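**Student:** To start, I am sharing the structure in question, which I have written as structure tokens.
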Amino acid sequence: MEMHSLAQELSGNAYPGRGIVIGTSEDGKYAVTAYFIMGRSSNSRNRVFVAEGEGIRTQAFDPSKLEDPSLIIYAPVRVLGKNTIVTNGDQTDTIYEGIQQGKSFEQSLRCREFEPDAPNYTPRISGIMHVEGGSFSFMMSILKSDAGCAERCNRYTFSYSGCAAGTGRFIHTYMGDGNPLPSYEGEPTPVDIRGGIDEFTGLVWDKLNADNKVSLFVRYIDIASGRYETRIVNKNK
């Protein structure tokens, strides 16, 4: 597949919704992930990322303005042993608990489907990174409605035994703005990953639509040691 510029993928889409990038740093030393959220409604925009244990949680920026928390308050990132789980909903917990029970990433998600937010039926996107013994592999998943049908869920899982330095995969919820919002299509997009954690964080944040972006999480995990660095950026301060 053709390699795409992550900067262009982000700047060319006013509303990708929520997105996950997983890949390897330019120097090949780090497993990299980024997760961002965007919002069109006041409820969606009234959020920040906060650290929770080794992961993060979404939180209302102004609790007095919080409306329905069911689809916007969750833990996007959790760590279980050598696994880092990243998702756009409470399926983070489903994957975490499933792996604890001996299920695979794919098996854990079989009980879940797209979000019940008609008419958009927002896809549930998920990723898991495994860093152990100097090696790195990852999987990504999307659960989406069958052409907007509420009765049928299509489940796709993509498995990667690592990737070349400076490259990764990008999956997001929407192809662009619209009413209803059009669900993501195809495989996770091959994209470039440039610079160290601060440069990469700045690139992703700067290229997201200024009106719609809400929060960004970035983590660089040292493949040799498993130690990591994290950056969190919130529009609401």
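By order of appearance in the structure tokens: chains A, B, ..., then residues from 1 within every chain, and ligands from 1 in the order shown.
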Show which residues sit within 12 Å of Pro69 of chain A, as an MDAnalysis selection string. Count only C-alpha atoms, and ignore same-chain residues fewer than 2 positions away.
**Tutor:** chainID A and resid 43:44 46:47 58:60 63 65:67 71:74 89:90
**Student:** Per DSSP on the backbone, filter segment 169-221 of chain A down to the residues in alpha helix (DSSP H) and report them as a PyMOL selection string.
**Tutor:** chain A and resi 197-207
**Student:** Which of these residues is nearest to Cys111 of chain A, using only C-alpha atoms: A:Ser159, A:Thr94, A:Thr173, A:Ser42?
**Tutor:** A:Thr94
**Student:** Show me, as a PyMOL selection string, the residues that have an atom within 9 Å of Ile85 of chain A when counting only C-alpha atoms, minus same-chain residues fewer than 6 positions from it.
**Tutor:** chain A and resi 55+76-79+92+95-96+126-129
**Student:** Could you take the residues named above and write them with N, CA, C and O atoms, as a PDB file, in the first residue's frame?
**Tutor:**
ATOM      1  N   GLY A  55      -2.419   4.624  32.322  1.00  0.00           N
ATOM      2  CA  GLY A  55      -3.197   5.030  31.165  1.00  0.00           C
ATOM      3  C   GLY A  55      -3.771   6.417  31.334  1.00  0.00           C
ATOM      4  O   GLY A  55      -3.223   7.260  32.049  1.00  0.00           O
ATOM      5  N   PRO A  76      -9.512   5.672  27.569  1.00  0.00           N
ATOM      6  CA  PRO A  76      -9.018   5.328  26.232  1.00  0.00           C
ATOM      7  C   PRO A  76      -7.762   4.460  26.242  1.00  0.00           C
ATOM      8  O   PRO A  76      -7.521   3.726  25.289  1.00  0.00           O
ATOM      9  N   VAL A  77      -6.966   4.579  27.305  1.00  0.00           N
ATOM     10  CA  VAL A  77      -5.682   3.864  27.354  1.00  0.00           C
ATOM     11  C   VAL A  77      -5.550   3.140  28.693  1.00  0.00           C
ATOM     12  O   VAL A  77      -5.706   3.746  29.755  1.00  0.00           O
ATOM     13  N   ARG A  78      -5.255   1.836  28.628  1.00  0.00           N
ATOM     14  CA  ARG A  78      -4.939   1.048  29.807  1.00  0.00           C
ATOM     15  C   ARG A  78      -3.758   0.134  29.484  1.00  0.00           C
ATOM     16  O   ARG A  78      -3.561  -0.252  28.317  1.00  0.00           O
ATOM     17  N   VAL A  79      -2.995  -0.210  30.507  1.00  0.00           N
ATOM     18  CA  VAL A  79      -1.823  -1.076  30.332  1.00  0.00           C
ATOM     19  C   VAL A  79      -2.033  -2.349  31.141  1.00  0.00           C
ATOM     20  O   VAL A  79      -2.400  -2.299  32.315  1.00  0.00           O
ATOM     21  N   THR A  92     -12.145  -0.464  25.849  1.00  0.00           N
ATOM     22  CA  THR A  92     -10.829  -0.616  26.479  1.00  0.00           C
ATOM     23  C   THR A  92     -10.949  -1.612  27.632  1.00  0.00           C
ATOM     24  O   THR A  92     -10.125  -2.517  27.776  1.00  0.00           O
ATOM     25  N   ILE A  95     -11.527  -5.264  26.413  1.00  0.00           N
ATOM     26  CA  ILE A  95     -10.293  -5.914  25.965  1.00  0.00           C
ATOM     27  C   ILE A  95      -9.426  -6.287  27.161  1.00  0.00           C
ATOM     28  O   ILE A  95      -8.892  -7.407  27.249  1.00  0.00           O
ATOM     29  N   TYR A  96      -9.274  -5.358  28.081  1.00  0.00           N
ATOM     30  CA  TYR A  96      -8.456  -5.570  29.283  1.00  0.00           C
ATOM     31  C   TYR A  96      -8.950  -6.800  30.049  1.00  0.00           C
ATOM     32  O   TYR A  96      -8.168  -7.695  30.398  1.00  0.00           O
ATOM     33  N   SER A 126     -10.068   0.247  17.900  1.00  0.00           N
ATOM     34  CA  SER A 126      -9.242  -0.234  19.002  1.00  0.00           C
ATOM     35  C   SER A 126      -7.873  -0.649  18.490  1.00  0.00           C
ATOM     36  O   SER A 126      -7.709  -1.037  17.330  1.00  0.00           O
ATOM     37  N   GLY A 127      -6.883  -0.573  19.385  1.00  0.00           N
ATOM     38  CA  GLY A 127      -5.545  -1.046  19.079  1.00  0.00           C
ATOM     39  C   GLY A 127      -4.913  -1.654  20.307  1.00  0.00           C
ATOM     40  O   GLY A 127      -5.276  -1.313  21.442  1.00  0.00           O
ATOM     41  N   ILE A 128      -3.974  -2.566  20.096  1.00  0.00           N
ATOM     42  CA  ILE A 128      -3.206  -3.128  21.198  1.00  0.00           C
ATOM     43  C   ILE A 128      -1.759  -3.271  20.740  1.00  0.00           C
ATOM     44  O   ILE A 128      -1.486  -3.738  19.633  1.00  0.00           O
ATOM     45  N   MET A 129      -0.849  -2.818  21.582  1.00  0.00           N
ATOM     46  CA  MET A 129       0.585  -2.884  21.306  1.00  0.00           C
ATOM     47  C   MET A 129       1.216  -3.861  22.288  1.00  0.00           C
ATOM     48  O   MET A 129       0.946  -3.800  23.488  1.00  0.00           O
TER      49      MET A 129
END
**Student:** When distances are computed from only C-alpha atoms, which of A:Ala75, A:Phe114, A:Tyr228, A:Asp93 shows the smallest separation from Arg152 of chain A?
**Tutor:**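 Residue with the minimum atom-to-atom distance to Arg152 of chain A: A:Phe114.
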**Student:** Of the residues A:Gly39, A:Thr33, A:Tyr15, A:Ser161, which is the one nearest to Val214 of chain A, using only C-alpha atoms?
**Tutor:**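 Of all the options, A:Gly39 lies closest to Val214 of chain A.
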**Student:** From a DSSP calculation on the backbone, collect every residue of segment 38-193 of chain A in strand (DSSP E or B) and output the set as a PyMOL selection string.
**Tutor:** chain A and resi 38+47-52+55-60+77-80+83-87+124-132+135-146+149-160+167-172+174+183+189-192
**Student:** Next, write the just-selected residues to a file, as a PDB file, in the first residue's frame, keeping C-alpha atoms as the atom set.
**Tutor:**
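For reference, out.pdb as written:
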ATOM      1  CA  MET A  38     -12.576  15.755  18.381  1.00  0.00           C
ATOM      2  CA  ARG A  47     -13.616  17.108  27.822  1.00  0.00           C
ATOM      3  CA  VAL A  48      -9.978  16.701  28.795  1.00  0.00           C
ATOM      4  CA  PHE A  49      -7.589  13.772  29.059  1.00  0.00           C
ATOM      5  CA  VAL A  50      -6.224  13.083  32.545  1.00  0.00           C
ATOM      6  CA  ALA A  51      -3.644  10.521  33.644  1.00  0.00           C
ATOM      7  CA  GLU A  52      -4.992   7.449  35.436  1.00  0.00           C
ATOM      8  CA  GLY A  55      -3.197   5.030  31.165  1.00  0.00           C
ATOM      9  CA  ILE A  56      -5.600   7.939  30.778  1.00  0.00           C
ATOM     10  CA  ARG A  57      -9.266   8.755  31.255  1.00  0.00           C
ATOM     11  CA  THR A  58     -11.569  11.333  29.703  1.00  0.00           C
ATOM     12  CA  GLN A  59     -13.081  13.789  32.148  1.00  0.00           C
ATOM     13  CA  ALA A  60     -15.564  16.647  31.890  1.00  0.00           C
ATOM     14  CA  VAL A  77      -5.682   3.864  27.354  1.00  0.00           C
ATOM     15  CA  ARG A  78      -4.939   1.048  29.807  1.00  0.00           C
ATOM     16  CA  VAL A  79      -1.823  -1.076  30.332  1.00  0.00           C
ATOM     17  CA  LEU A  80      -1.902  -4.781  31.131  1.00  0.00           C
ATOM     18  CA  ASN A  83       0.231  -4.748  26.446  1.00  0.00           C
ATOM     19  CA  THR A  84      -0.906  -1.176  25.889  1.00  0.00           C
ATOM     20  CA  ILE A  85      -4.580  -0.946  24.898  1.00  0.00           C
ATOM     21  CA  VAL A  86      -5.895   2.137  23.067  1.00  0.00           C
ATOM     22  CA  THR A  87      -9.535   2.603  22.034  1.00  0.00           C
ATOM     23  CA  ARG A 124     -15.514   1.471  17.696  1.00  0.00           C
ATOM     24  CA  ILE A 125     -11.797   1.585  16.876  1.00  0.00           C
ATOM     25  CA  SER A 126      -9.242  -0.234  19.002  1.00  0.00           C
ATOM     26  CA  GLY A 127      -5.545  -1.046  19.079  1.00  0.00           C
ATOM     27  CA  ILE A 128      -3.206  -3.128  21.198  1.00  0.00           C
ATOM     28  CA  MET A 129       0.585  -2.884  21.306  1.00  0.00           C
ATOM     29  CA  HIS A 130       2.777  -5.697  22.634  1.00  0.00           C
ATOM     30  CA  VAL A 131       6.341  -4.752  23.577  1.00  0.00           C
ATOM     31  CA  GLU A 132       8.464  -7.515  25.082  1.00  0.00           C
ATOM     32  CA  SER A 135      10.259  -6.890  19.926  1.00  0.00           C
ATOM     33  CA  PHE A 136       7.118  -4.992  19.011  1.00  0.00           C
ATOM     34  CA  SER A 137       3.872  -6.091  17.378  1.00  0.00           C
ATOM     35  CA  PHE A 138       0.382  -4.645  17.285  1.00  0.00           C
ATOM     36  CA  MET A 139      -3.207  -5.196  16.229  1.00  0.00           C
ATOM     37  CA  MET A 140      -6.003  -2.822  15.263  1.00  0.00           C
ATOM     38  CA  SER A 141      -9.767  -3.304  15.018  1.00  0.00           C
ATOM     39  CA  ILE A 142     -12.838  -1.520  13.749  1.00  0.00           C
ATOM     40  CA  LEU A 143     -16.435  -2.491  14.542  1.00  0.00           C
ATOM     41  CA  LYS A 144     -18.805  -0.666  12.203  1.00  0.00           C
ATOM     42  CA  SER A 145     -22.344  -0.781  10.959  1.00  0.00           C
ATOM     43  CA  ASP A 146     -23.029  -2.453   7.641  1.00  0.00           C
ATOM     44  CA  CYS A 149     -27.725  -0.637   9.148  1.00  0.00           C
ATOM     45  CA  ALA A 150     -28.383  -0.817  12.887  1.00  0.00           C
ATOM     46  CA  GLU A 151     -28.996  -4.587  12.762  1.00  0.00           C
ATOM     47  CA  ARG A 152     -25.656  -5.635  11.245  1.00  0.00           C
ATOM     48  CA  CYS A 153     -22.162  -5.136  12.633  1.00  0.00           C
ATOM     49  CA  ASN A 154     -19.045  -5.736  10.540  1.00  0.00           C
ATOM     50  CA  ARG A 155     -15.933  -6.627  12.553  1.00  0.00           C
ATOM     51  CA  TYR A 156     -12.444  -6.215  11.088  1.00  0.00           C
ATOM     52  CA  THR A 157      -9.127  -7.041  12.800  1.00  0.00           C
ATOM     53  CA  PHE A 158      -5.688  -6.219  11.401  1.00  0.00           C
ATOM     54  CA  SER A 159      -2.503  -7.806  12.765  1.00  0.00           C
ATOM     55  CA  TYR A 160       1.013  -6.416  12.271  1.00  0.00           C
ATOM     56  CA  THR A 167       6.070   4.239   9.699  1.00  0.00           C
ATOM     57  CA  GLY A 168       2.769   3.242  11.251  1.00  0.00           C
ATOM     58  CA  ARG A 169      -0.941   2.729  10.697  1.00  0.00           C
ATOM     59  CA  PHE A 170      -3.742   5.234  11.192  1.00  0.00           C
ATOM     60  CA  ILE A 171      -7.425   4.459  11.739  1.00  0.00           C
ATOM     61  CA  HIS A 172     -10.186   6.902  12.608  1.00  0.00           C
ATOM     62  CA  TYR A 174     -15.132   9.158  10.142  1.00  0.00           C
ATOM     63  CA  SER A 183     -17.794   5.755   8.802  1.00  0.00           C
ATOM     64  CA  THR A 189      -3.846   3.825   6.449  1.00  0.00           C
ATOM     65  CA  PRO A 190      -0.025   3.477   6.197  1.00  0.00           C
ATOM     66  CA  VAL A 191       1.466   6.773   7.449  1.00  0.00           C
ATOM     67  CA  ASP A 192       4.848   8.275   8.286  1.00  0.00           C
TER      68      ASP A 192
END
**Student:** For Tyr30 of chain A, which residue among A:Ala164, A:Val204, A:Gly178, A:Glu187 is the nearest when counting only C-alpha atoms?
**Tutor:**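 Looking at the shortest contact to Tyr30 of chain A, the residue is A:Ala164.
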**Student:** So the first atom is atom CA of Lys235 of chain A and the second is atom CA of Gly202 of chain A; what is the distance between them in Å, to one decimal place?
**Tutor:**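 Atom-to-atom, atom CA of Lys235 of chain A and atom CA of Gly202 of chain A are spaced 13.0 Å apart.
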**Student:** Can you work out the spacing between atom CA of Ser70 of chain A and atom CA of Asn212 of chain A in Å, to one decimal?
**Tutor:**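 According to the coordinates, atom CA of Ser70 of chain A and atom CA of Asn212 of chain A are separated by 20.1 Å.
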